[in-house]
>>> print(open('work_38.txt').read())   # compact mmCIF, C-alpha atoms and all ligand atoms
# COMPACT_ATOMS: atom_id res chain seq x y z
CA MET A 1 192.52 62.60 21.81
CA ASP A 2 193.16 65.86 19.93
CA LYS A 3 192.18 69.07 21.68
CA ILE A 4 188.57 70.11 20.90
CA ILE A 5 188.33 73.65 19.50
CA PRO A 6 184.82 75.15 19.73
CA THR A 7 183.70 77.25 16.80
CA ILE A 8 180.80 78.98 15.07
CA THR A 9 179.42 76.76 12.29
CA ALA A 10 176.12 78.47 11.37
CA LEU A 11 174.41 81.85 11.77
CA GLY A 12 171.01 83.46 11.28
CA LYS A 13 169.29 86.76 11.92
CA TYR A 14 165.91 88.44 12.11
CA VAL A 15 164.94 92.08 12.47
CA PRO A 16 161.40 93.48 12.49
CA LYS A 17 160.23 95.32 9.38
CA LYS A 18 159.17 98.49 11.21
CA ILE A 19 161.83 101.22 11.11
CA LEU A 20 162.02 104.04 13.66
CA THR A 21 164.18 106.84 12.22
CA ASN A 22 165.84 109.73 14.01
CA LYS A 23 163.33 111.99 12.26
CA ASP A 24 160.50 109.94 13.83
CA LEU A 25 162.12 110.42 17.25
CA GLU A 26 162.23 114.19 16.69
CA LYS A 27 158.44 114.08 16.88
CA MET A 28 158.49 112.11 20.15
CA VAL A 29 161.20 113.79 22.28
CA ASP A 30 163.34 116.93 22.25
CA THR A 31 166.14 115.66 20.02
CA ASN A 32 167.35 115.90 16.43
CA ASP A 33 168.82 113.72 13.72
CA GLU A 34 172.15 115.57 13.70
CA TRP A 35 172.64 115.20 17.48
CA ILE A 36 171.84 111.48 17.42
CA LYS A 37 174.06 110.77 14.39
CA SER A 38 177.04 112.73 15.68
CA ARG A 39 176.84 111.44 19.28
CA THR A 40 175.98 107.80 18.55
CA GLY A 41 176.27 106.99 14.83
CA ILE A 42 172.66 105.72 14.83
CA LYS A 43 170.34 106.66 11.95
CA GLU A 44 167.48 104.23 12.53
CA ARG A 45 166.49 101.16 14.51
CA ARG A 46 163.93 98.34 14.13
CA ILE A 47 160.85 98.11 16.35
CA ALA A 48 158.97 94.86 16.95
CA ASN A 49 155.19 94.60 16.78
CA GLU A 50 153.05 92.86 19.40
CA GLU A 51 153.55 89.40 17.91
CA GLU A 52 157.34 89.83 17.59
CA THR A 53 158.50 88.77 21.06
CA SER A 54 162.08 87.70 21.80
CA SER A 55 161.20 84.01 21.29
CA PHE A 56 159.32 84.83 18.05
CA MET A 57 162.28 86.78 16.62
CA ALA A 58 164.69 83.99 17.63
CA ALA A 59 162.51 81.40 15.89
CA LYS A 60 162.48 83.55 12.74
CA ALA A 61 166.27 83.90 12.94
CA PHE A 62 166.47 80.10 13.25
CA GLN A 63 164.49 79.80 9.99
CA ASP A 64 167.05 82.09 8.39
CA MET A 65 169.84 79.85 9.76
CA GLN A 66 168.12 76.79 8.28
CA GLU A 67 167.87 78.51 4.89
CA ARG A 68 171.59 79.34 4.97
CA TYR A 69 172.88 76.05 6.43
CA ASN A 70 171.64 72.49 6.69
CA ILE A 71 170.48 72.38 10.35
CA ASP A 72 168.14 69.81 11.87
CA PRO A 73 166.56 71.21 15.07
CA LEU A 74 166.43 67.68 16.50
CA ASP A 75 170.27 67.64 16.55
CA ILE A 76 170.50 70.63 18.92
CA ASP A 77 171.61 69.61 22.42
CA LEU A 78 171.41 72.92 24.24
CA ILE A 79 169.75 76.32 23.70
CA LEU A 80 171.32 79.33 25.43
CA VAL A 81 169.39 82.60 25.35
CA PRO A 82 171.28 85.73 26.33
CA THR A 83 168.56 88.36 26.77
CA ILE A 84 167.36 91.09 29.11
CA THR A 85 163.93 91.01 27.47
CA PRO A 86 162.66 87.46 28.03
CA ASP A 87 159.05 86.89 26.92
CA MET A 88 158.26 86.12 30.60
CA PHE A 89 160.21 85.57 33.83
CA PHE A 90 159.43 81.90 33.36
CA PRO A 91 159.21 79.59 31.57
CA SER A 92 162.55 80.57 30.09
CA THR A 93 162.72 82.04 26.60
CA ALA A 94 164.90 78.99 25.82
CA ALA A 95 161.89 76.73 26.50
CA LEU A 96 159.65 78.91 24.30
CA ILE A 97 162.21 78.84 21.49
CA GLN A 98 162.53 75.05 21.83
CA ASP A 99 158.79 74.80 21.23
CA LYS A 100 158.79 77.20 18.27
CA ILE A 101 161.72 75.60 16.40
CA GLY A 102 160.98 71.98 17.32
CA ALA A 103 164.28 71.33 19.11
CA LYS A 104 162.72 68.48 21.08
CA ASN A 105 166.01 66.93 22.22
CA ALA A 106 167.52 70.12 23.64
CA TRP A 107 167.68 71.49 27.14
CA GLY A 108 168.42 75.14 27.78
CA PHE A 109 168.24 78.30 29.82
CA ASP A 110 168.31 82.09 29.65
CA LEU A 111 171.42 84.01 30.61
CA SER A 112 171.57 87.56 31.98
CA ALA A 113 174.61 89.69 31.16
CA ALA A 114 172.98 92.59 29.27
CA CYS A 115 175.07 93.77 26.30
CA SER A 116 177.80 91.20 27.08
CA GLY A 117 175.23 88.40 26.99
CA TYR A 118 176.35 86.96 23.66
CA LEU A 119 179.98 86.81 24.78
CA TYR A 120 179.06 85.19 28.11
CA ALA A 121 176.91 82.63 26.27
CA LEU A 122 179.76 81.95 23.85
CA GLU A 123 181.99 81.12 26.83
CA VAL A 124 179.39 78.75 28.31
CA ALA A 125 178.73 77.09 24.94
CA SER A 126 182.46 76.74 24.22
CA ASN A 127 183.14 74.99 27.48
CA PHE A 128 180.29 72.52 26.96
CA ILE A 129 181.75 71.75 23.52
CA LYS A 130 185.31 71.50 24.88
CA SER A 131 184.17 69.08 27.58
CA GLY A 132 182.80 66.80 24.86
CA GLN A 133 179.46 66.55 26.66
CA TYR A 134 177.41 68.26 23.92
CA LYS A 135 177.89 68.50 20.16
CA LYS A 136 175.60 71.37 19.07
CA VAL A 137 174.82 74.42 21.17
CA LEU A 138 172.50 77.10 19.79
CA ILE A 139 173.06 80.64 21.10
CA ALA A 140 169.87 82.61 20.46
CA ALA A 141 170.49 86.27 21.34
CA SER A 142 167.17 88.04 21.01
CA GLU A 143 166.02 91.37 22.37
CA LYS A 144 162.83 93.37 22.27
CA MET A 145 164.42 96.50 23.75
CA SER A 146 161.38 98.58 22.74
CA SER A 147 159.42 96.76 25.48
CA ILE A 148 161.66 98.22 28.23
CA THR A 149 162.43 101.61 26.66
CA ASP A 150 160.76 104.83 27.81
CA TYR A 151 159.93 106.75 24.63
CA THR A 152 159.68 109.98 26.63
CA ASP A 153 163.30 109.72 27.84
CA ARG A 154 165.65 111.15 25.21
CA ASN A 155 168.71 109.83 27.06
CA THR A 156 167.81 106.23 26.26
CA CYS A 157 165.09 105.99 23.58
CA ILE A 158 167.43 107.11 20.81
CA LEU A 159 169.81 104.22 21.48
CA PHE A 160 167.93 100.95 21.43
CA GLY A 161 166.38 98.67 18.80
CA ASP A 162 164.95 95.16 18.44
CA GLY A 163 166.33 92.06 16.72
CA ALA A 164 167.75 88.55 17.01
CA GLY A 165 171.09 87.00 16.03
CA LEU A 166 171.81 83.26 16.31
CA THR A 167 174.98 81.19 16.13
CA LEU A 168 175.53 77.45 16.35
CA ILE A 169 178.60 76.31 18.29
CA GLU A 170 180.22 72.96 17.51
CA ALA A 171 183.67 71.35 17.60
CA SER A 172 185.89 72.62 14.80
CA LYS A 173 186.90 70.16 12.10
CA ASP A 174 190.33 71.83 11.69
CA ASP A 175 192.53 74.33 13.55
CA THR A 176 190.10 77.27 13.16
CA GLY A 177 187.71 78.35 15.93
CA ILE A 178 187.81 80.15 19.25
CA ILE A 179 191.41 80.78 20.27
CA ASP A 180 190.82 82.43 23.63
CA THR A 181 188.41 84.56 25.64
CA ASP A 182 188.68 87.20 28.37
CA LEU A 183 185.65 87.90 30.59
CA HIS A 184 185.05 90.38 33.41
CA MET A 185 182.43 91.82 35.74
CA ASP A 186 182.41 94.75 38.17
CA SER A 187 179.29 95.57 40.20
CA ILE A 188 180.23 99.25 40.20
CA GLY A 189 177.97 99.40 37.14
CA LYS A 190 174.85 98.70 39.18
CA ASP A 191 174.50 102.41 39.94
CA PHE A 192 174.67 103.59 36.32
CA LEU A 193 172.66 101.19 34.16
CA TYR A 194 169.65 99.23 35.39
CA ILE A 195 165.96 98.38 35.49
CA LYS A 196 164.82 98.65 39.10
CA GLY A 197 161.23 97.46 38.73
CA GLY A 198 159.64 94.06 38.22
CA GLY A 199 162.13 91.97 40.20
CA CYS A 200 161.74 90.99 43.87
CA LEU A 201 163.41 94.26 44.96
CA ASN A 202 160.55 96.32 43.52
CA PRO A 203 157.73 93.98 42.49
CA ALA A 204 155.25 95.43 40.02
CA THR A 205 152.76 97.77 41.69
CA HIS A 206 150.74 100.73 40.43
CA GLU A 207 153.38 102.96 42.06
CA SER A 208 156.32 101.16 40.42
CA VAL A 209 154.68 101.58 37.03
CA ASP A 210 153.86 105.25 37.72
CA GLN A 211 157.53 105.78 38.65
CA LYS A 212 158.59 104.13 35.36
CA LEU A 213 160.76 101.62 37.22
CA HIS A 214 160.24 99.02 34.47
CA TYR A 215 162.23 100.98 31.90
CA VAL A 216 165.97 101.06 31.30
CA TYR A 217 167.71 103.77 33.28
CA GLN A 218 171.14 104.91 32.12
CA ASP A 219 173.60 107.52 33.32
CA GLY A 220 175.22 107.88 29.89
CA ARG A 221 178.51 109.62 30.69
CA PRO A 222 179.99 107.13 33.21
CA VAL A 223 178.73 104.22 31.10
CA TYR A 224 180.47 105.71 28.08
CA LYS A 225 183.71 106.22 30.03
CA TYR A 226 183.81 102.68 31.40
CA ALA A 227 182.78 101.18 28.06
CA VAL A 228 185.65 102.85 26.21
CA SER A 229 188.21 102.02 28.85
CA LYS A 230 187.22 98.39 29.55
CA MET A 231 186.30 97.32 26.02
CA SER A 232 189.52 98.78 24.60
CA GLN A 233 191.63 97.10 27.27
CA THR A 234 190.12 93.61 26.97
CA GLY A 235 190.45 93.62 23.18
CA TYR A 236 194.01 94.92 23.29
CA ASP A 237 195.04 92.45 26.01
CA LEU A 238 193.63 89.41 24.24
CA VAL A 239 195.16 90.27 20.85
CA HIS A 240 198.59 90.97 22.38
CA LYS A 241 198.46 87.94 24.71
CA HIS A 242 198.58 85.81 21.56
CA SER A 243 201.45 87.83 20.08
CA TYR A 244 199.27 89.50 17.47
CA THR A 245 198.87 93.24 16.89
CA GLY A 246 196.09 95.28 15.29
CA LYS A 247 197.73 94.72 11.89
CA ASP A 248 196.97 90.99 12.09
CA ILE A 249 193.22 91.48 12.66
CA ASP A 250 191.01 90.83 9.64
CA LEU A 251 187.79 91.98 11.31
CA PHE A 252 186.94 93.66 14.61
CA ILE A 253 183.33 92.91 15.60
CA PRO A 254 182.47 95.04 18.64
CA HIS A 255 179.22 95.37 20.56
CA GLN A 256 177.25 98.10 18.78
CA ALA A 257 176.43 100.64 21.54
CA ASN A 258 177.82 103.85 20.13
CA GLN A 259 179.98 104.50 17.05
CA ARG A 260 182.28 106.70 19.14
CA ILE A 261 182.90 103.80 21.57
CA ILE A 262 183.60 101.48 18.60
CA ASP A 263 186.04 104.00 17.08
CA ALA A 264 187.85 104.53 20.40
CA CYS A 265 188.34 100.76 20.83
CA ALA A 266 189.52 100.42 17.23
CA SER A 267 192.00 103.24 17.67
CA ARG A 268 193.56 101.50 20.72
CA LEU A 269 194.23 98.52 18.45
CA LYS A 270 195.40 100.91 15.68
CA LEU A 271 192.84 99.48 13.24
CA ARG A 272 191.95 100.90 9.83
CA GLU A 273 188.32 101.56 8.95
CA ASP A 274 188.13 98.50 6.69
CA GLN A 275 189.00 96.28 9.69
CA ILE A 276 185.95 97.46 11.70
CA MET A 277 182.45 95.97 11.47
CA SER A 278 179.70 98.43 12.24
CA ASN A 279 175.97 98.25 11.52
CA ILE A 280 174.86 100.51 14.38
CA ALA A 281 173.55 103.11 11.88
CA LYS A 282 170.69 100.82 10.84
CA TYR A 283 169.91 98.81 14.00
CA GLY A 284 171.00 100.91 17.00
CA ASN A 285 171.87 98.97 20.16
CA THR A 286 170.10 95.59 20.23
CA THR A 287 171.89 94.64 23.48
CA ALA A 288 172.84 90.90 23.43
CA ALA A 289 171.96 90.59 19.74
CA THR A 290 174.38 93.19 18.30
CA ILE A 291 177.40 90.91 17.84
CA PRO A 292 175.69 87.97 16.09
CA LEU A 293 173.68 90.47 13.98
CA ALA A 294 176.95 92.15 12.98
CA MET A 295 178.51 88.75 12.17
CA VAL A 296 175.65 87.89 9.81
CA ASP A 297 175.87 91.30 8.12
CA ALA A 298 179.65 90.85 7.76
CA ILE A 299 179.06 87.51 6.01
CA ASP A 300 176.41 89.01 3.74
CA ASP A 301 178.78 91.89 2.91
CA LYS A 302 181.52 89.32 2.13
CA ARG A 303 183.77 90.74 4.82
CA LEU A 304 184.48 87.39 6.51
CA LYS A 305 186.14 84.31 5.10
CA LYS A 306 187.50 81.08 6.51
CA GLY A 307 190.77 81.56 8.38
CA ASP A 308 190.22 85.27 9.11
CA LEU A 309 191.48 86.49 12.50
CA VAL A 310 188.51 88.08 14.31
CA ILE A 311 188.36 89.94 17.62
CA ILE A 312 184.99 90.52 19.24
CA THR A 313 184.48 92.73 22.28
CA ALA A 314 181.47 93.63 24.39
CA PHE A 315 180.50 95.84 27.33
CA GLY A 316 177.22 96.05 29.18
CA GLY A 317 175.16 96.47 32.34
CA GLY A 318 176.62 95.03 35.54
CA PHE A 319 179.17 96.10 34.42
CA THR A 320 180.07 93.09 32.31
CA TRP A 321 182.66 93.04 29.54
CA GLY A 322 185.09 90.91 27.63
CA ALA A 323 186.54 89.74 24.34
CA ALA A 324 186.95 86.64 22.20
CA LEU A 325 189.68 85.98 19.66
CA LEU A 326 188.86 83.53 16.89
CA LYS A 327 189.91 82.16 13.57
CA TRP A 328 186.77 82.20 11.45
CA SER A 329 185.71 78.67 10.46
CA ILE A 330 183.16 79.05 7.65
N1 LIG B 1 169.04 114.79 21.94
C1 LIG B 1 169.54 116.03 22.14
N2 LIG B 1 170.25 116.35 23.23
C2 LIG B 1 170.45 115.41 24.16
C3 LIG B 1 169.92 114.11 24.02
C4 LIG B 1 169.20 113.80 22.85
N3 LIG B 1 168.68 112.58 22.61
N4 LIG B 1 170.28 113.37 25.09
C5 LIG B 1 170.99 114.18 25.87
N5 LIG B 1 171.09 115.41 25.33
C6 LIG B 1 171.76 116.60 25.85
C7 LIG B 1 172.04 116.47 27.34
O1 LIG B 1 170.92 116.90 28.08
C8 LIG B 1 173.23 117.41 27.49
O2 LIG B 1 172.79 118.73 27.56
P1 LIG B 1 173.46 119.75 28.60
O3 LIG B 1 174.90 119.84 28.17
O4 LIG B 1 172.66 120.99 28.39
O5 LIG B 1 173.29 119.12 29.95
C9 LIG B 1 174.00 117.24 26.19
O6 LIG B 1 173.07 116.72 25.25
C10 LIG B 1 175.18 116.31 26.30
O7 LIG B 1 174.76 115.15 27.01
P2 LIG B 1 175.73 113.97 27.34
O8 LIG B 1 175.01 112.93 28.14
O9 LIG B 1 177.03 114.49 27.86
O10 LIG B 1 175.99 113.43 25.87
P3 LIG B 1 177.03 112.38 25.45
O11 LIG B 1 177.95 112.94 24.45
O12 LIG B 1 177.63 111.64 26.62
O13 LIG B 1 176.11 111.31 24.69
C11 LIG B 1 175.12 109.15 25.08
C12 LIG B 1 175.07 110.64 25.38
C13 LIG B 1 173.98 108.45 25.80
C14 LIG B 1 174.99 108.96 23.59
C15 LIG B 1 176.49 108.63 25.55
O14 LIG B 1 176.71 109.00 26.88
C16 LIG B 1 176.62 107.15 25.45
O15 LIG B 1 176.69 106.61 24.36
N6 LIG B 1 176.73 106.44 26.60
C17 LIG B 1 176.89 105.01 26.61
C18 LIG B 1 175.71 104.35 25.99
C19 LIG B 1 175.81 102.88 26.02
O16 LIG B 1 176.73 102.37 25.47
N7 LIG B 1 174.85 102.22 26.67
C20 LIG B 1 174.68 100.83 26.67
C21 LIG B 1 175.74 100.14 27.44
S1 LIG B 1 176.44 98.96 26.46
>>> encode(input="work_38.txt", output="structure tokens", more="lines below")
Ligand code: COA
Amino acid sequence: MDKIIPTITALGKYVPKKILTNKDLEKMVDTNDEWIKSRTGIKERRIANEEETSSFMAAKAFQDMQERYNIDPLDIDLILVPTITPDMFFPSTAALIQDKIGAKNAWGFDLSAACSGYLYALEVASNFIKSGQYKKVLIAASEKMSSITDYTDRNTCILFGDGAGLTLIEASKDDTGIIDTDLHMDSIGKDFLYIKGGGCLNPATHESVDQKLHYVYQDGRPVYKYAVSKMSQTGYDLVHKHSYTGKDIDLFIPHQANQRIIDACASRLKLREDQIMSNIAKYGNTTAATIPLAMVDAIDDKRLKKGDLVIITAFGGGFTWGAALLKWSI
């Protein structure tokens, strides 16, 4: 039997209508548009309303996928949901999405790897496809970051936004698809980026809420340093492992955490501006959803075509990080 190559065969996205601009944030915390733009590249982000939970946004993104491609939810075997903002601890967001999209024949689960969640899910999906056990795996990266963001903390509230990006993973019909991946984790990150409240370590109490333990905490400088170093290295290593150089890359699709991090990673690969996909200015950091959201925007902007060599890289809480090299299939 020929080797099975897993690949992305369909995509969809959803972002809430409500826009929170840097100017809006100026009224909420001691910050300014110029500082946010120059330090992060972010101009605005989307904010979900009460109804727009992670499962709701994923279901909307699935509708978008159905409008773009011919997908029958009954054909989906497995739903993977990388998210740090599940609707509830349980049932899983995967189960809630199954209900909302009518994927009655699927099983599924949520996956926790923060901003590297999409990449981790891609690895899991790919291996299920490679094994031949399942034919269609839906990765539904969906995040309602506004639900865990402290809008009195200027260190974090300027960064995050809400949204969902979905991809369908199947066996490739030709030689395009995922060429290789490179995944890592180092628990050193546990001291710099976390939510301490709500788990069994600090169950929810009046005190835990008063101490704001249910919000994202980030020590920005070390996170920035590690993100630049690790994300650059993994991307560089994977491209060069396959005897390519930056010149061969058609599109670099990095996790959208900070434009300066994206630029530093691109410079390590010696990429030109037209080889870099960035939509951080309009969505901010949507954690696990940034990469599939960027893929959909790249398609809509006609920046991706079949056969293109694509490198994706991610870095997030844990720390977790990694890269995937692929030949675009659609
Ligand atoms: N508006 C205005 N000033 C701010 C501010 C804000 N929103 N946030 C912080 N500052 C101030 C700081 O208090 C500091 O002032 P000081 O010099 O008087 O102490 C100054 O700006 C510089 O702060 P610093 O933290 O060094 O800024 P920075 O250049 O590192 O940028 C981040 C801060 C958060 C943008 C940056 O560290 C970052 O992007 N980190 C990684 C984020 C990330 O990727 N997180 C998700 C993981 S995937």
>>> residues_around(input="work_38.txt", residues="Ile311 of chain A", least_positions_apart="5", cutoff="9 Å", atoms="all atoms listed in the file", output="list of chain:residue names")
A:Gly235, A:Leu238, A:Val239, A:Ile249, A:Asp250, A:Leu251, A:Phe252, A:Ile253, A:Pro254, A:Ala323, A:Ala324, A:Leu325, A:Leu326, A:Lys327
>>> residues_near_point(input="work_38.txt", point="(159.0, 76.2, 22.7)", cutoff="12 Å", atoms="only C-alpha atoms", output="count of residues only")
27
>>> closest_atom_pairs(input="work_38.txt", of="chain A", to="ligand LIG 1 (chain B)", cutoff="6 Å", atoms="all atoms listed in the file", output="JSON lines")
{"residue": "A:Thr31", "atom": "CA", "partner": "B:LIG1", "partner_atom": "N1", "distance": 3.6}
{"residue": "A:Asn32", "atom": "CA", "partner": "B:LIG1", "partner_atom": "N1", "distance": 5.9}
{"residue": "A:Trp35", "atom": "CA", "partner": "B:LIG1", "partner_atom": "C1", "distance": 5.7}
{"residue": "A:Arg39", "atom": "CA", "partner": "B:LIG1", "partner_atom": "C14", "distance": 5.3}
{"residue": "A:Thr40", "atom": "CA", "partner": "B:LIG1", "partner_atom": "C14", "distance": 5.3}
{"residue": "A:Cys115", "atom": "CA", "partner": "B:LIG1", "partner_atom": "S1", "distance": 5.4}
{"residue": "A:Arg154", "atom": "CA", "partner": "B:LIG1", "partner_atom": "N3", "distance": 4.2}
{"residue": "A:Asn155", "atom": "CA", "partner": "B:LIG1", "partner_atom": "N4", "distance": 4.3}
{"residue": "A:Ile158", "atom": "CA", "partner": "B:LIG1", "partner_atom": "N3", "distance": 5.9}
{"residue": "A:Gly220", "atom": "CA", "partner": "B:LIG1", "partner_atom": "O14", "distance": 3.5}
{"residue": "A:Arg221", "atom": "CA", "partner": "B:LIG1", "partner_atom": "O14", "distance": 4.3}
{"residue": "A:Val223", "atom": "CA", "partner": "B:LIG1", "partner_atom": "C17", "distance": 4.9}
{"residue": "A:Tyr224", "atom": "CA", "partner": "B:LIG1", "partner_atom": "C17", "distance": 3.9}
{"residue": "A:Ala257", "atom": "CA", "partner": "B:LIG1", "partner_atom": "O16", "distance": 4.3}
{"residue": "A:Asn258", "atom": "CA", "partner": "B:LIG1", "partner_atom": "O15", "distance": 5.2}
{"residue": "A:Phe315", "atom": "CA", "partner": "B:LIG1", "partner_atom": "S1", "distance": 5.2}
{"residue": "A:Gly316", "atom": "CA", "partner": "B:LIG1", "partner_atom": "S1", "distance": 4.1}
>>> closest_residue(input="work_38.txt", among="A:Met88, A:Val310, A:Val216, A:Ala61", to="Thr287 of chain A", atoms="only C-alpha atoms")
A:Val216
>>> residues_around(input="work_38.txt", residues="Ser146 of chain A", least_positions_apart="2", cutoff="12 Å", atoms="all atoms listed in the file", output="ChimeraX atom specification")
/A:16,18-20,45-50,52-54,84-85,143-144,148-151,156-163,214-216,284-287
>>> build_atoms(input="work_38.txt", residues="segment 273-288 of chain A", atoms="N, CA, C and O atoms", output="tab-separated table (two decimals), in the frame of the given file")
chain	number	residue	atom	x	y	z
A	273	GLU	N	189.78	101.62	9.05
A	273	GLU	CA	188.32	101.56	8.95
A	273	GLU	C	187.83	100.25	8.34
A	273	GLU	O	186.81	99.70	8.76
A	274	ASP	N	188.58	99.73	7.36
A	274	ASP	CA	188.13	98.50	6.69
A	274	ASP	C	188.28	97.26	7.58
A	274	ASP	O	187.86	96.17	7.20
A	275	GLN	N	188.89	97.42	8.77
A	275	GLN	CA	189.00	96.28	9.69
A	275	GLN	C	187.86	96.28	10.73
A	275	GLN	O	187.80	95.40	11.57
A	276	ILE	N	186.98	97.29	10.66
A	276	ILE	CA	185.95	97.46	11.70
A	276	ILE	C	184.58	97.12	11.15
A	276	ILE	O	184.18	97.63	10.10
A	277	MET	N	183.83	96.29	11.86
A	277	MET	CA	182.45	95.97	11.47
A	277	MET	C	181.50	96.85	12.27
A	277	MET	O	181.51	96.83	13.50
A	278	SER	N	180.69	97.60	11.56
A	278	SER	CA	179.70	98.43	12.24
A	278	SER	C	178.39	98.43	11.46
A	278	SER	O	178.38	98.68	10.25
A	279	ASN	N	177.30	98.12	12.14
A	279	ASN	CA	175.97	98.25	11.52
A	279	ASN	C	175.04	99.01	12.45
A	279	ASN	O	173.82	98.92	12.34
A	280	ILE	N	175.65	99.77	13.39
A	280	ILE	CA	174.86	100.51	14.38
A	280	ILE	C	173.94	101.53	13.71
A	280	ILE	O	172.85	101.82	14.22
A	281	ALA	N	174.36	102.07	12.55
A	281	ALA	CA	173.55	103.11	11.88
A	281	ALA	C	172.15	102.60	11.58
A	281	ALA	O	171.17	103.34	11.71
A	282	LYS	N	172.02	101.31	11.24
A	282	LYS	CA	170.69	100.82	10.84
A	282	LYS	C	169.92	100.07	11.93
A	282	LYS	O	168.71	99.91	11.80
A	283	TYR	N	170.62	99.59	12.97
A	283	TYR	CA	169.91	98.81	14.00
A	283	TYR	C	169.97	99.42	15.40
A	283	TYR	O	169.28	98.94	16.30
A	284	GLY	N	170.83	100.41	15.65
A	284	GLY	CA	171.00	100.91	17.00
A	284	GLY	C	171.60	99.82	17.90
A	284	GLY	O	172.26	98.89	17.41
A	285	ASN	N	171.34	99.93	19.19
A	285	ASN	CA	171.87	98.97	20.16
A	285	ASN	C	170.80	97.91	20.44
A	285	ASN	O	169.80	98.21	21.09
A	286	THR	N	171.03	96.70	19.97
A	286	THR	CA	170.10	95.59	20.23
A	286	THR	C	170.62	94.70	21.37
A	286	THR	O	170.33	93.50	21.40
A	287	THR	N	171.39	95.29	22.27
A	287	THR	CA	171.89	94.64	23.48
A	287	THR	C	172.60	93.31	23.16
A	287	THR	O	173.56	93.32	22.41
A	288	ALA	N	172.10	92.16	23.64
A	288	ALA	CA	172.84	90.90	23.43
A	288	ALA	C	172.91	90.50	21.96
A	288	ALA	O	173.77	89.71	21.57
